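Engineer: Following this message is one structure expressed as structure tokens.
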2 protein chains.
Amino acid sequence: MDGMQPSTYSPRAFRALTWHDALPAFRDGTDTPRAYLERCLETIAAREGVVQAWAALNEKGAREAADASTARWKAGRPLSAIDGMPIGIKDLLETRDMPTEMGCAAYRGNFPKRDNAAVWALRQAGAVVLGKTVTTELGSVHPGPTTNPFDPRRTPGGSSSGSAAAVGARMVPAAIGTQVVGSIIRPAAFCGNVALKPSQGAINRGERQATSQSTHGVHAGCIEDMWQVAIEIARRAGGDRGWPGLFGPPVAPAAARPERLIVMETAGWERLDAASRGAFEAVLGQLRDRGVALLRRGDHPWIEAFERAIAEAQRVSTLITAWENRWAIRNLLDQHPDGLSERAKAGLAAAEAMSVADYQALLAEREEAQRRHAALAPLADALISLACPGPAPVWEGDKPGQPLSPRPTGDTVFNAPSSMLFAPVVTVPLMAVGGLPVGVQVMGQTHTDARVAAIARWLLETLQPVEA
Amino acid sequence: MDGMQPSTYSPRAFRALTWHDALPAFRDGTDTPRAYLERCLETIAAREGVVQAWAALNEKGAREAADASTARWKAGRPLSAIDGMPIGIKDLLETRDMPTEMGCAAYRGNFPKRDNAAVWALRQAGAVVLGKTVTTELGSVHPGPTTNPFDPRRTPGGSSSGSAAAVGARMVPAAIGTQVVGSIIRPAAFCGNVALKPSQGAINRGERQATSQSTHGVHAGCIEDMWQVAIEIARRAGGDRGWPGLFGPPVAPAAARPERLIVMETAGWERLDAASRGAFEAVLGQLRDRGVALLRRGDHPWIEAFERAIAEAQRVSTLITAWENRWAIRNLLDQHPDGLSERAKAGLAAAEAMSVADYQALLAEREEAQRRHAALAPLADALISLACPGPAPVWEGDKPGQPLSPRPTGDTVFNAPSSMLFAPVVTVPLMAVGGLPVGVQVMGQTHTDARVAAIARWLLETLQPVEA
């Protein structure tokens with residue numbers, strides 16, 4: 001492929017790879033998890049050369065796990081509704097059977113032979129851990145090799161680049177991502193995924209206690225699979241240390257029509273291209289047509305106060321995270337002076353210029369935004385916005401001698417608020433702009449993950465996708 | 001030594017090793033940090049054979065650091081008031097120049113060559129990182145070789161066994177400990193230390209994000225040094241991720257007489273021997289003589305409700321911690337089937353018998369206790385209690401064929417409440433029972449660490465030590 005074919009994504013035409021609808025055939029023996037896996041491997045063989053979603057694949061281990069699952073389905077004793085599901089694991093999470101290199105030269109060959117708590121839970125549920133998906137360097141800004149499955153000239157988004165691209169390319173029905181600022185929802189929105197960034201602490205991060213805003217989440221082809229993966233992990237491994245975990249039903253919640261939604265503009269509203277803004281307004285128009293009341297920033301002083309409180313979400317989230325990672329990155333750089341990108345070094349320099357008082361001030365900004373968000377609870381069922389500022393941008397790689405692009409995997413402006421607010425958010429692929437996916441996200445109060453998923457499901461099942 | 005000499009600790013006679021009072025001599029050149037270090041090394045040479053406080057010593061690196069500090073003092077440009085202070089680091093924290101073996105066979109030879117954020121901060125302040133102090137296995141129950149500096153037949157307490165013993169043996173003026181249930185305050189109380197277990201999150205745990213109740217803290221010979229070490233770390237590395245850090249002045253707060261104190265009984269009150277109870281009542285009598293109002297559980301229904309809410313603090317703290325460590329310990333055991341003690345395996349089994357719902361129930365118990373504690377804020381300046389249930393018990397090692405002693409490093413019953421409550425606590429050596437140290441602790445509301453230290457300092461400077 002020359003990478004120059006036109007982008008051709010259409011949310012009406014695209015059929016994502018799904019899992020939940022394969023279960024009847026597993027039960028009656030007309031399909032098996034092993035056969036499902038082989039179809040995934042065929043897709044990977046056909047597309048991986050261009051998409052480059054995988055940092056590592058364990059085909060042998062996956063085939064063994066799929067065979068074991070096949071036997072369980074045959075015996076009528078699957079471990080869960082995701083028994084046999086092939087799944088990708090972002091390469092920030094440790095896996096006992098594959099290296100964990102975090103997209104970072106300093107971690108080349110790192111192979112601790114441990115399972116992250118979420119990976120452990122997936123195996124307990126019978127899922128087939130097929131491979132590690134490409135992450136940007138340490139989950140931050142510096143990109144990996146993955147391309148957008150709908151246009152290889154473009155970024156898949158980051159940092160969960162490989163998870164989003166693998167799902168978008170129909171290589172697997174689901175993949176695990178992580179988000180600190182915008183690392184699940186943005187790539188999912190760029191790659192036509194459904195995805196959940198849960199409430200802070202809702203899914204056990206295990207050895208990756210990481211930063212105060214980081215979460216594990218799920219990329220999938222549909223709400224049913226997204227929820228099932230999340231709840232199967234949370235039922236077995238719970239939430240982060242000190243957090244109660246994910247609340248919600250054992251299967252995906254039914255679609256629920258919201259009565260009232262708040263349109264969240266964020267600082268991204270001014271950066272939107274006309275086509276993306278028009279497509280989103282068309283989505284909002286459909287909501288109004290279906291009797292959903294929409295509140296916007298002029299409609300209530302608390303909404304205005306909320307928008308002001310999240311206006312600096314990118315700066316606040318980025319600096320909080322840089323400070324929290326400061327010692328880990330410093331140790332890494334001291335041990336591997338050539339093992340980090342210039343982007344990572346610049347992030348470290350910013351963190352090392354901060355004082356404790358600077359960090360405390362950022363925490364206060366974050367807490368104020370959380371209070372402004374909590375105040376919105378009585379006003380509406382949830383908030384709605386774009387999940388990314390238009391389609392995935394073209395990314396042709398760094399140019400020697402040129403300044404580094406600040407956002408090679410796209411702009412987090414629509415994502416930093418939910419991260420900063422510890423709020424659950426689901427993106428659904430409801431729009432195409434210029435033949436590329438653009439997501440719509442629903443955000444709720446902490447611990448309302450199931451309600452957010454139900455509203456997102458209703459949007460997906462009710463609205464006509466918009467193509468601009 | 002045959003280990004059978006009588007215990008002879010007297011809080012009146014014992015003179016702890018201190019640092020802050022050496023600074024004038026560093027300034028005028030009559031003493032130097034290098035000479036101070038050599039005195040510490042002489043003490044270590046004389047006593048380490050019996051006390052066994054150290055897992056590793058870096059004498060060469062310490063001498064180089066002390067020489068650099070000596071030059072800074074000579075030039076009138078010390079980096080801080082702890083520039084040159086020899087300090088021990090509990091062997092759970094990573095240090096770039098010494099292995100980190102965590103008292104655990106599975107970590108033998110572990111040498112990640114990284115500095116924990118608190119260690120980094122100590123070096124930035126000029127402190128001399130002299131060595132790693134013995135911890136119980138992974139900071140839990142299974143003891144290391146350290147003996148009590150006042151009676152080698154007895155435990156020094158745990159898990160910060162070596163830090164407490166090194167300070168009690170006058171080997172160093174200060175050492176870093178960590179606490180999840182009772183791992184700083186109990187060994188400090190058994191070894192005649194002053195010690196701070198700060199508010200949850202007050203000191204950056206760095207790579208050890210560990211469990212939801214774990215903290216870094218400081219063992220020292222006096223309040224001045226204890227506070228200085230804590231604040232020098234916190235000024236440079238701040239608090240844990242998402243926490244604001246330690247609040248308080250840049251030097252130890254002056255002694256402050258409390259108006260009212262609540263006597264906290266805990267579930268330990270019924271387990272106390274008569275001599276220890278009598279000694280503590282004598283301390284309370286001195287407080288009353290000095291006009292401090294004392295409130296006890298019969299005096300106010302909120303105090304009664306608080307005592308009931310903390311009655312199960314040991315169970316709640318132990319099980320929360322076991323659950324949170326479950327995946328890390330499982331991974332370790334799978335990789336090193338012979339690398340963990342039977343005690344650690346029993347803890348893992350307890351954790352693996354728990355469900356997410358069990359953990360959520362424990363979090364709810366902990367939150368209820370925190371609410372009952374917060375309700376006490378208007379009633380008194382702080383709470384006071386014993387820091388350990390009497391003197392350190394005799395510990396002669398496990399006996400082949402016998403059941404394992406459940407508490408080889410002593411009982412955490414007086415310590416679990418402050419851990420569970422996220423509350424700051426300071427222990428001071430105000431009592432001796434049978435010739436062995438027994439601590440008195442002051443506990444306050446979260447973030448009142450400086451106030452707690454000021455009250456503890458007043459107790460230490462005002463009351464007559466009690467010998468029973």
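So you can find residues: chains in the structure tokens are A, B, ... in the order shown, residues in each start at 1, and ligands are numbered from 1 in order.
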Using DSSP on the backbone coordinates, identify all residues within range 131-256 of chain A classified as strand (DSSP E); present the result as a VMD selection string.

Structural biologist: chain A and resid 131 to 133 174 to 179 194 to 197 215 to 220

Engineer: When the cut-off is 7 Å and we count only C-alpha atoms, which residues of chain A are near chain B, given as a PDB file with all heavy atoms, in the first residue's frame?

Structural biologist:
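New file iface_11.pdb:
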```
ATOM      1  N   ARG A 114       5.304 -10.989  34.852  1.00  0.00           N
ATOM      2  CA  ARG A 114       4.202 -10.815  35.802  1.00  0.00           C
ATOM      3  C   ARG A 114       2.954 -10.433  35.028  1.00  0.00           C
ATOM      4  O   ARG A 114       3.025  -9.799  33.989  1.00  0.00           O
ATOM      5  CB  ARG A 114       4.502  -9.644  36.761  1.00  0.00           C
ATOM      6  CG  ARG A 114       5.629  -9.865  37.701  1.00  0.00           C
ATOM      7  CD  ARG A 114       5.754  -8.686  38.666  1.00  0.00           C
ATOM      8  NE  ARG A 114       6.233  -7.481  38.019  1.00  0.00           N
ATOM      9  CZ  ARG A 114       7.379  -6.869  38.300  1.00  0.00           C
ATOM     10  NH1 ARG A 114       8.166  -7.329  39.259  1.00  0.00           N
ATOM     11  NH2 ARG A 114       7.735  -5.775  37.664  1.00  0.00           N
ATOM     12  N   ASP A 115       1.793 -10.756  35.596  1.00  0.00           N
ATOM     13  CA  ASP A 115       0.528 -10.286  35.032  1.00  0.00           C
ATOM     14  C   ASP A 115       0.016  -9.088  35.820  1.00  0.00           C
ATOM     15  O   ASP A 115      -0.163  -9.169  37.047  1.00  0.00           O
ATOM     16  CB  ASP A 115      -0.543 -11.392  35.087  1.00  0.00           C
ATOM     17  CG  ASP A 115      -0.571 -12.247  33.830  1.00  0.00           C
ATOM     18  OD1 ASP A 115      -0.005 -11.827  32.799  1.00  0.00           O
ATOM     19  OD2 ASP A 115      -1.172 -13.336  33.887  1.00  0.00           O
ATOM     20  N   ALA A 117      -2.861  -6.836  37.316  1.00  0.00           N
ATOM     21  CA  ALA A 117      -4.094  -7.340  37.941  1.00  0.00           C
ATOM     22  C   ALA A 117      -5.229  -7.458  36.931  1.00  0.00           C
ATOM     23  O   ALA A 117      -6.007  -8.431  36.963  1.00  0.00           O
ATOM     24  CB  ALA A 117      -4.507  -6.421  39.094  1.00  0.00           C
ATOM     25  N   GLY A 206      -3.320  -2.460  39.180  1.00  0.00           N
ATOM     26  CA  GLY A 206      -2.288  -3.417  39.562  1.00  0.00           C
ATOM     27  C   GLY A 206      -0.951  -2.749  39.763  1.00  0.00           C
ATOM     28  O   GLY A 206      -0.854  -1.727  40.439  1.00  0.00           O
ATOM     29  N   GLU A 207       0.096  -3.349  39.191  1.00  0.00           N
ATOM     30  CA  GLU A 207       1.440  -2.829  39.433  1.00  0.00           C
ATOM     31  C   GLU A 207       1.598  -1.412  38.901  1.00  0.00           C
ATOM     32  O   GLU A 207       2.493  -0.698  39.321  1.00  0.00           O
ATOM     33  CB  GLU A 207       2.505  -3.758  38.833  1.00  0.00           C
ATOM     34  CG  GLU A 207       2.955  -3.437  37.404  1.00  0.00           C
ATOM     35  CD  GLU A 207       1.953  -3.886  36.343  1.00  0.00           C
ATOM     36  OE1 GLU A 207       0.979  -4.585  36.680  1.00  0.00           O
ATOM     37  OE2 GLU A 207       2.135  -3.526  35.163  1.00  0.00           O
ATOM     38  N   GLN A 209       0.408   1.592  39.500  1.00  0.00           N
ATOM     39  CA  GLN A 209      -0.361   2.537  40.303  1.00  0.00           C
ATOM     40  C   GLN A 209      -0.226   3.916  39.708  1.00  0.00           C
ATOM     41  O   GLN A 209      -1.035   4.796  39.936  1.00  0.00           O
ATOM     42  CB  GLN A 209       0.058   2.484  41.766  1.00  0.00           C
ATOM     43  CG  GLN A 209      -0.363   1.186  42.434  1.00  0.00           C
ATOM     44  CD  GLN A 209      -1.858   0.925  42.353  1.00  0.00           C
ATOM     45  OE1 GLN A 209      -2.658   1.696  42.836  1.00  0.00           O
ATOM     46  NE2 GLN A 209      -2.240  -0.173  41.714  1.00  0.00           N
ATOM     47  N   THR A 211      -0.208   7.366  37.906  1.00  0.00           N
ATOM     48  CA  THR A 211      -0.458   8.740  38.333  1.00  0.00           C
ATOM     49  C   THR A 211      -1.875   8.893  38.876  1.00  0.00           C
ATOM     50  O   THR A 211      -2.707   8.010  38.745  1.00  0.00           O
ATOM     51  CB  THR A 211      -0.264   9.694  37.139  1.00  0.00           C
ATOM     52  OG1 THR A 211      -1.167   9.313  36.113  1.00  0.00           O
ATOM     53  CG2 THR A 211       1.161   9.624  36.623  1.00  0.00           C
ATOM     54  N   SER A 212      -2.131  10.069  39.460  1.00  0.00           N
ATOM     55  CA  SER A 212      -3.408  10.255  40.159  1.00  0.00           C
ATOM     56  C   SER A 212      -4.592  10.326  39.207  1.00  0.00           C
ATOM     57  O   SER A 212      -5.728  10.224  39.644  1.00  0.00           O
ATOM     58  CB  SER A 212      -3.347  11.499  41.039  1.00  0.00           C
ATOM     59  OG  SER A 212      -3.141  12.664  40.267  1.00  0.00           O
ATOM     60  N   ARG A 235     -15.105  -7.366  38.394  1.00  0.00           N
ATOM     61  CA  ARG A 235     -15.674  -8.355  39.320  1.00  0.00           C
ATOM     62  C   ARG A 235     -14.589  -9.204  39.957  1.00  0.00           C
ATOM     63  O   ARG A 235     -14.774  -9.744  41.047  1.00  0.00           O
ATOM     64  CB  ARG A 235     -16.655  -9.265  38.574  1.00  0.00           C
ATOM     65  CG  ARG A 235     -17.945  -8.566  38.210  1.00  0.00           C
ATOM     66  CD  ARG A 235     -18.733  -9.385  37.231  1.00  0.00           C
ATOM     67  NE  ARG A 235     -19.317 -10.573  37.862  1.00  0.00           N
ATOM     68  CZ  ARG A 235     -20.068 -11.447  37.201  1.00  0.00           C
ATOM     69  NH1 ARG A 235     -20.306 -11.276  35.901  1.00  0.00           N
ATOM     70  NH2 ARG A 235     -20.570 -12.484  37.815  1.00  0.00           N
ATOM     71  N   ARG A 236     -13.470  -9.375  39.244  1.00  0.00           N
ATOM     72  CA  ARG A 236     -12.408 -10.256  39.749  1.00  0.00           C
ATOM     73  C   ARG A 236     -11.285  -9.504  40.457  1.00  0.00           C
ATOM     74  O   ARG A 236     -10.718 -10.006  41.421  1.00  0.00           O
ATOM     75  CB  ARG A 236     -11.840 -11.081  38.593  1.00  0.00           C
ATOM     76  CG  ARG A 236     -12.819 -12.139  38.105  1.00  0.00           C
ATOM     77  CD  ARG A 236     -12.414 -12.748  36.786  1.00  0.00           C
ATOM     78  NE  ARG A 236     -13.340 -13.830  36.419  1.00  0.00           N
ATOM     79  CZ  ARG A 236     -14.522 -13.631  35.842  1.00  0.00           C
ATOM     80  NH1 ARG A 236     -14.925 -12.395  35.543  1.00  0.00           N
ATOM     81  NH2 ARG A 236     -15.302 -14.657  35.564  1.00  0.00           N
ATOM     82  N   ALA A 237     -10.926  -8.337  39.933  1.00  0.00           N
ATOM     83  CA  ALA A 237      -9.769  -7.618  40.506  1.00  0.00           C
ATOM     84  C   ALA A 237     -10.166  -6.310  41.168  1.00  0.00           C
ATOM     85  O   ALA A 237      -9.316  -5.639  41.759  1.00  0.00           O
ATOM     86  CB  ALA A 237      -8.728  -7.353  39.414  1.00  0.00           C
ATOM     87  N   GLY A 238     -11.429  -5.945  41.082  1.00  0.00           N
ATOM     88  CA  GLY A 238     -11.869  -4.745  41.775  1.00  0.00           C
ATOM     89  C   GLY A 238     -11.232  -3.483  41.235  1.00  0.00           C
ATOM     90  O   GLY A 238     -10.727  -3.441  40.115  1.00  0.00           O
ATOM     91  N   ARG A 241      -6.342   0.506  44.520  1.00  0.00           N
ATOM     92  CA  ARG A 241      -6.164   0.505  45.965  1.00  0.00           C
ATOM     93  C   ARG A 241      -6.839   1.727  46.578  1.00  0.00           C
ATOM     94  O   ARG A 241      -6.568   2.856  46.198  1.00  0.00           O
ATOM     95  CB  ARG A 241      -4.666   0.504  46.256  1.00  0.00           C
ATOM     96  CG  ARG A 241      -4.042  -0.791  45.780  1.00  0.00           C
ATOM     97  CD  ARG A 241      -2.571  -0.706  45.562  1.00  0.00           C
ATOM     98  NE  ARG A 241      -2.110  -1.986  45.027  1.00  0.00           N
ATOM     99  CZ  ARG A 241      -0.834  -2.298  44.840  1.00  0.00           C
ATOM    100  NH1 ARG A 241       0.110  -1.451  45.134  1.00  0.00           N
ATOM    101  NH2 ARG A 241      -0.513  -3.465  44.356  1.00  0.00           N
ATOM    102  N   GLY A 242      -7.758   1.460  47.499  1.00  0.00           N
ATOM    103  CA  GLY A 242      -8.470   2.542  48.156  1.00  0.00           C
ATOM    104  C   GLY A 242      -9.741   2.982  47.442  1.00  0.00           C
ATOM    105  O   GLY A 242     -10.461   3.820  47.963  1.00  0.00           O
ATOM    106  N   PRO A 244     -13.472   1.926  45.384  1.00  0.00           N
ATOM    107  CA  PRO A 244     -14.441   0.825  45.478  1.00  0.00           C
ATOM    108  C   PRO A 244     -14.573  -0.010  44.211  1.00  0.00           C
ATOM    109  O   PRO A 244     -15.119  -1.096  44.267  1.00  0.00           O
ATOM    110  CB  PRO A 244     -15.746   1.543  45.809  1.00  0.00           C
ATOM    111  CG  PRO A 244     -15.586   2.923  45.269  1.00  0.00           C
ATOM    112  CD  PRO A 244     -14.118   3.242  45.404  1.00  0.00           C
ATOM    113  N   GLU A 324       4.078  14.062  38.708  1.00  0.00           N
ATOM    114  CA  GLU A 324       3.941  12.750  39.354  1.00  0.00           C
ATOM    115  C   GLU A 324       4.901  11.722  38.753  1.00  0.00           C
ATOM    116  O   GLU A 324       5.300  10.778  39.436  1.00  0.00           O
ATOM    117  CB  GLU A 324       2.483  12.282  39.275  1.00  0.00           C
ATOM    118  CG  GLU A 324       1.575  13.149  40.146  1.00  0.00           C
ATOM    119  CD  GLU A 324       0.098  12.843  40.028  1.00  0.00           C
ATOM    120  OE1 GLU A 324      -0.279  12.056  39.140  1.00  0.00           O
ATOM    121  OE2 GLU A 324      -0.686  13.392  40.816  1.00  0.00           O
ATOM    122  N   TRP A 327      10.068  11.556  39.179  1.00  0.00           N
ATOM    123  CA  TRP A 327      11.155  10.752  39.748  1.00  0.00           C
ATOM    124  C   TRP A 327      11.389   9.484  38.954  1.00  0.00           C
ATOM    125  O   TRP A 327      12.520   9.069  38.765  1.00  0.00           O
ATOM    126  CB  TRP A 327      10.885  10.497  41.235  1.00  0.00           C
ATOM    127  CG  TRP A 327      11.062  11.773  41.981  1.00  0.00           C
ATOM    128  CD1 TRP A 327      12.229  12.268  42.484  1.00  0.00           C
ATOM    129  CD2 TRP A 327      10.072  12.783  42.224  1.00  0.00           C
ATOM    130  NE1 TRP A 327      12.017  13.513  43.019  1.00  0.00           N
ATOM    131  CE2 TRP A 327      10.706  13.857  42.882  1.00  0.00           C
ATOM    132  CE3 TRP A 327       8.717  12.897  41.942  1.00  0.00           C
ATOM    133  CZ2 TRP A 327      10.041  15.024  43.267  1.00  0.00           C
ATOM    134  CZ3 TRP A 327       8.048  14.054  42.326  1.00  0.00           C
ATOM    135  CH2 TRP A 327       8.698  15.102  42.983  1.00  0.00           C
ATOM    136  N   ALA A 328      10.312   8.891  38.473  1.00  0.00           N
ATOM    137  CA  ALA A 328      10.460   7.683  37.653  1.00  0.00           C
ATOM    138  C   ALA A 328      11.221   8.005  36.365  1.00  0.00           C
ATOM    139  O   ALA A 328      12.113   7.258  35.954  1.00  0.00           O
ATOM    140  CB  ALA A 328       9.077   7.100  37.327  1.00  0.00           C
ATOM    141  N   ASN A 331      14.948   8.773  37.106  1.00  0.00           N
ATOM    142  CA  ASN A 331      15.699   7.532  37.327  1.00  0.00           C
ATOM    143  C   ASN A 331      15.971   6.818  36.001  1.00  0.00           C
ATOM    144  O   ASN A 331      17.064   6.305  35.778  1.00  0.00           O
ATOM    145  CB  ASN A 331      14.899   6.590  38.248  1.00  0.00           C
ATOM    146  CG  ASN A 331      15.110   6.913  39.721  1.00  0.00           C
ATOM    147  OD1 ASN A 331      16.233   7.158  40.159  1.00  0.00           O
ATOM    148  ND2 ASN A 331      14.045   6.916  40.497  1.00  0.00           N
ATOM    149  N   VAL A 356       6.839  22.070  44.760  1.00  0.00           N
ATOM    150  CA  VAL A 356       5.706  21.445  45.452  1.00  0.00           C
ATOM    151  C   VAL A 356       4.501  22.385  45.458  1.00  0.00           C
ATOM    152  O   VAL A 356       3.358  21.958  45.265  1.00  0.00           O
ATOM    153  CB  VAL A 356       6.108  21.060  46.894  1.00  0.00           C
ATOM    154  CG1 VAL A 356       4.903  20.570  47.675  1.00  0.00           C
ATOM    155  CG2 VAL A 356       7.204  19.997  46.880  1.00  0.00           C
ATOM    156  N   GLN A 360       0.701  21.732  44.258  1.00  0.00           N
ATOM    157  CA  GLN A 360      -0.463  21.930  45.125  1.00  0.00           C
ATOM    158  C   GLN A 360      -1.481  22.856  44.452  1.00  0.00           C
ATOM    159  O   GLN A 360      -2.693  22.645  44.560  1.00  0.00           O
ATOM    160  CB  GLN A 360      -0.025  22.505  46.468  1.00  0.00           C
ATOM    161  CG  GLN A 360       0.768  21.509  47.316  1.00  0.00           C
ATOM    162  CD  GLN A 360       1.341  22.132  48.574  1.00  0.00           C
ATOM    163  OE1 GLN A 360       1.607  23.331  48.617  1.00  0.00           O
ATOM    164  NE2 GLN A 360       1.559  21.313  49.597  1.00  0.00           N
TER     165      GLN A 360
END
```

Engineer: Excluding same-chain residues fewer than 4 positions from Pro143 in chain B, what lies within 8 Å of it counting only C-alpha atoms, as a PDB file with N, CA and C atoms, in the first residue's frame?

Structural biologist:
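Contents of result_11.pdb, freshly written:
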```
ATOM      1  N   THR B 135      14.131  -4.702  57.172  1.00  0.00           N
ATOM      2  CA  THR B 135      12.668  -4.716  57.263  1.00  0.00           C
ATOM      3  C   THR B 135      12.204  -6.150  57.448  1.00  0.00           C
ATOM      4  N   THR B 136      11.059  -6.329  58.064  1.00  0.00           N
ATOM      5  CA  THR B 136      10.428  -7.644  57.994  1.00  0.00           C
ATOM      6  C   THR B 136      10.150  -7.938  56.523  1.00  0.00           C
ATOM      7  N   GLU B 137       9.873  -9.179  56.219  1.00  0.00           N
ATOM      8  CA  GLU B 137       9.650  -9.602  54.829  1.00  0.00           C
ATOM      9  C   GLU B 137       8.544  -8.760  54.174  1.00  0.00           C
ATOM     10  N   GLY B 158       8.375  -4.277  64.340  1.00  0.00           N
ATOM     11  CA  GLY B 158       8.451  -4.310  62.884  1.00  0.00           C
ATOM     12  C   GLY B 158       7.327  -3.504  62.304  1.00  0.00           C
ATOM     13  N   SER B 159       7.325  -3.293  61.013  1.00  0.00           N
ATOM     14  CA  SER B 159       8.270  -3.823  60.075  1.00  0.00           C
ATOM     15  C   SER B 159       9.543  -2.983  59.945  1.00  0.00           C
ATOM     16  N   PRO B 408       5.330 -12.068  65.800  1.00  0.00           N
ATOM     17  CA  PRO B 408       6.720 -12.128  66.256  1.00  0.00           C
ATOM     18  C   PRO B 408       7.339 -10.753  66.503  1.00  0.00           C
ATOM     19  N   THR B 409       6.812  -9.707  65.873  1.00  0.00           N
ATOM     20  CA  THR B 409       7.359  -8.365  66.103  1.00  0.00           C
ATOM     21  C   THR B 409       6.435  -7.512  66.969  1.00  0.00           C
TER      22      THR B 409
END
```

Engineer: Set the distance at 8 Å and use only C-alpha atoms: which residues neighbour Leu294 in chain B once local chain neighbours fewer than 6 positions away are removed? I'd like the list as JSON, numbers by chain.

Structural biologist: {"B": [260, 261, 262, 263, 284, 288]}

Engineer: So that I can see what lies close to Gly444 in chain B, please list as a PyMOL selection string the residues with an atom at most 10 Å from it, counting only C-alpha atoms and leaving out residues fewer than 2 positions away in the same chain.

Structural biologist: chain B and resi 198-199+373-374+376-377+380-384+418+421-426+442+446-453+455

Engineer: Residues near Gly109 in chain B, anyone? I mean within 10 Å using only C-alpha atoms, not counting same-chain ones fewer than 3 positions away, as number ranges by chain.

Structural biologist: B: 98-101, 105-106, 112

Engineer: Keeping only all heavy atoms, write those residues as an mmCIF file, in the first residue's frame.

Structural biologist:
```cif
data_model
loop_
_atom_site.group_PDB
_atom_site.id
_atom_site.type_symbol
_atom_site.label_atom_id
_atom_site.label_comp_id
_atom_site.auth_asym_id
_atom_site.auth_seq_id
_atom_site.Cartn_x
_atom_site.Cartn_y
_atom_site.Cartn_z
ATOM 1 N N MET B 98 22.646 0.922 46.489
ATOM 2 C CA MET B 98 22.585 -0.299 47.309
ATOM 3 C C MET B 98 21.422 -1.169 46.836
ATOM 4 O O MET B 98 20.430 -0.644 46.316
ATOM 5 C CB MET B 98 22.393 0.056 48.793
ATOM 6 C CG MET B 98 23.664 0.572 49.460
ATOM 7 S SD MET B 98 23.374 1.152 51.159
ATOM 8 C CE MET B 98 22.800 2.836 50.842
ATOM 9 N N PRO B 99 21.533 -2.484 47.039
ATOM 10 C CA PRO B 99 20.402 -3.351 46.672
ATOM 11 C C PRO B 99 19.157 -3.036 47.498
ATOM 12 O O PRO B 99 19.234 -2.373 48.541
ATOM 13 C CB PRO B 99 20.916 -4.763 47.010
ATOM 14 C CG PRO B 99 22.392 -4.632 47.128
ATOM 15 C CD PRO B 99 22.655 -3.225 47.595
ATOM 16 N N THR B 100 18.015 -3.516 47.022
ATOM 17 C CA THR B 100 16.744 -3.367 47.736
ATOM 18 C C THR B 100 16.127 -4.756 47.803
ATOM 19 O O THR B 100 15.524 -5.230 46.843
ATOM 20 C CB THR B 100 15.825 -2.374 46.996
ATOM 21 O OG1 THR B 100 16.492 -1.112 46.923
ATOM 22 C CG2 THR B 100 14.497 -2.209 47.712
ATOM 23 N N GLU B 101 16.310 -5.414 48.928
ATOM 24 C CA GLU B 101 15.932 -6.832 49.015
ATOM 25 C C GLU B 101 14.671 -7.071 49.839
ATOM 26 O O GLU B 101 14.175 -8.184 49.912
ATOM 27 C CB GLU B 101 17.119 -7.639 49.554
ATOM 28 C CG GLU B 101 18.323 -7.561 48.594
ATOM 29 C CD GLU B 101 19.483 -8.458 48.986
ATOM 30 O OE1 GLU B 101 19.739 -8.618 50.207
ATOM 31 O OE2 GLU B 101 20.125 -9.005 48.071
ATOM 32 N N ALA B 105 13.367 -13.371 50.420
ATOM 33 C CA ALA B 105 14.258 -14.221 49.623
ATOM 34 C C ALA B 105 14.021 -14.041 48.125
ATOM 35 O O ALA B 105 14.955 -14.100 47.325
ATOM 36 C CB ALA B 105 14.059 -15.686 50.022
ATOM 37 N N ALA B 106 12.776 -13.798 47.751
ATOM 38 C CA ALA B 106 12.469 -13.646 46.321
ATOM 39 C C ALA B 106 13.123 -12.399 45.732
ATOM 40 O O ALA B 106 13.254 -12.282 44.513
ATOM 41 C CB ALA B 106 10.957 -13.599 46.105
ATOM 42 N N PRO B 112 17.850 -2.304 41.576
ATOM 43 C CA PRO B 112 17.347 -1.557 40.415
ATOM 44 C C PRO B 112 18.085 -0.246 40.148
ATOM 45 O O PRO B 112 17.809 0.413 39.165
ATOM 46 C CB PRO B 112 15.879 -1.328 40.760
ATOM 47 C CG PRO B 112 15.808 -1.433 42.236
ATOM 48 C CD PRO B 112 16.898 -2.348 42.684
#
```

Engineer: So that I can see what lies close to range 54-63 of chain A, please list as an MDAnalysis selection string the residues with an atom at most 6 Å from it, counting only C-alpha atoms and leaving out residues fewer than 6 positions away in the same chain.

Structural biologist: chainID A and resid 128 130:134

Engineer: Report, in Å to a single decimal, how far apart CA of Gly139 in chain B and CA of Val316 in chain B are.

Structural biologist: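 These two atoms are separated by 17.2 Å.
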
Engineer: Mind giving me the straight-line distance from CA of Asp83 in chain B to CA of Ser69 in chain B in Å, one decimal?

Structural biologist: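 Going from CA of Asp83 in chain B over to CA of Ser69 in chain B covers 6.1 Å.
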
Engineer: Looking at only C-alpha atoms, which of B:Glu368, B:Asp411, B:Glu38, B:Glu461 is the one that sits closest to Ala255 in chain B?

Structural biologist: B:Glu461
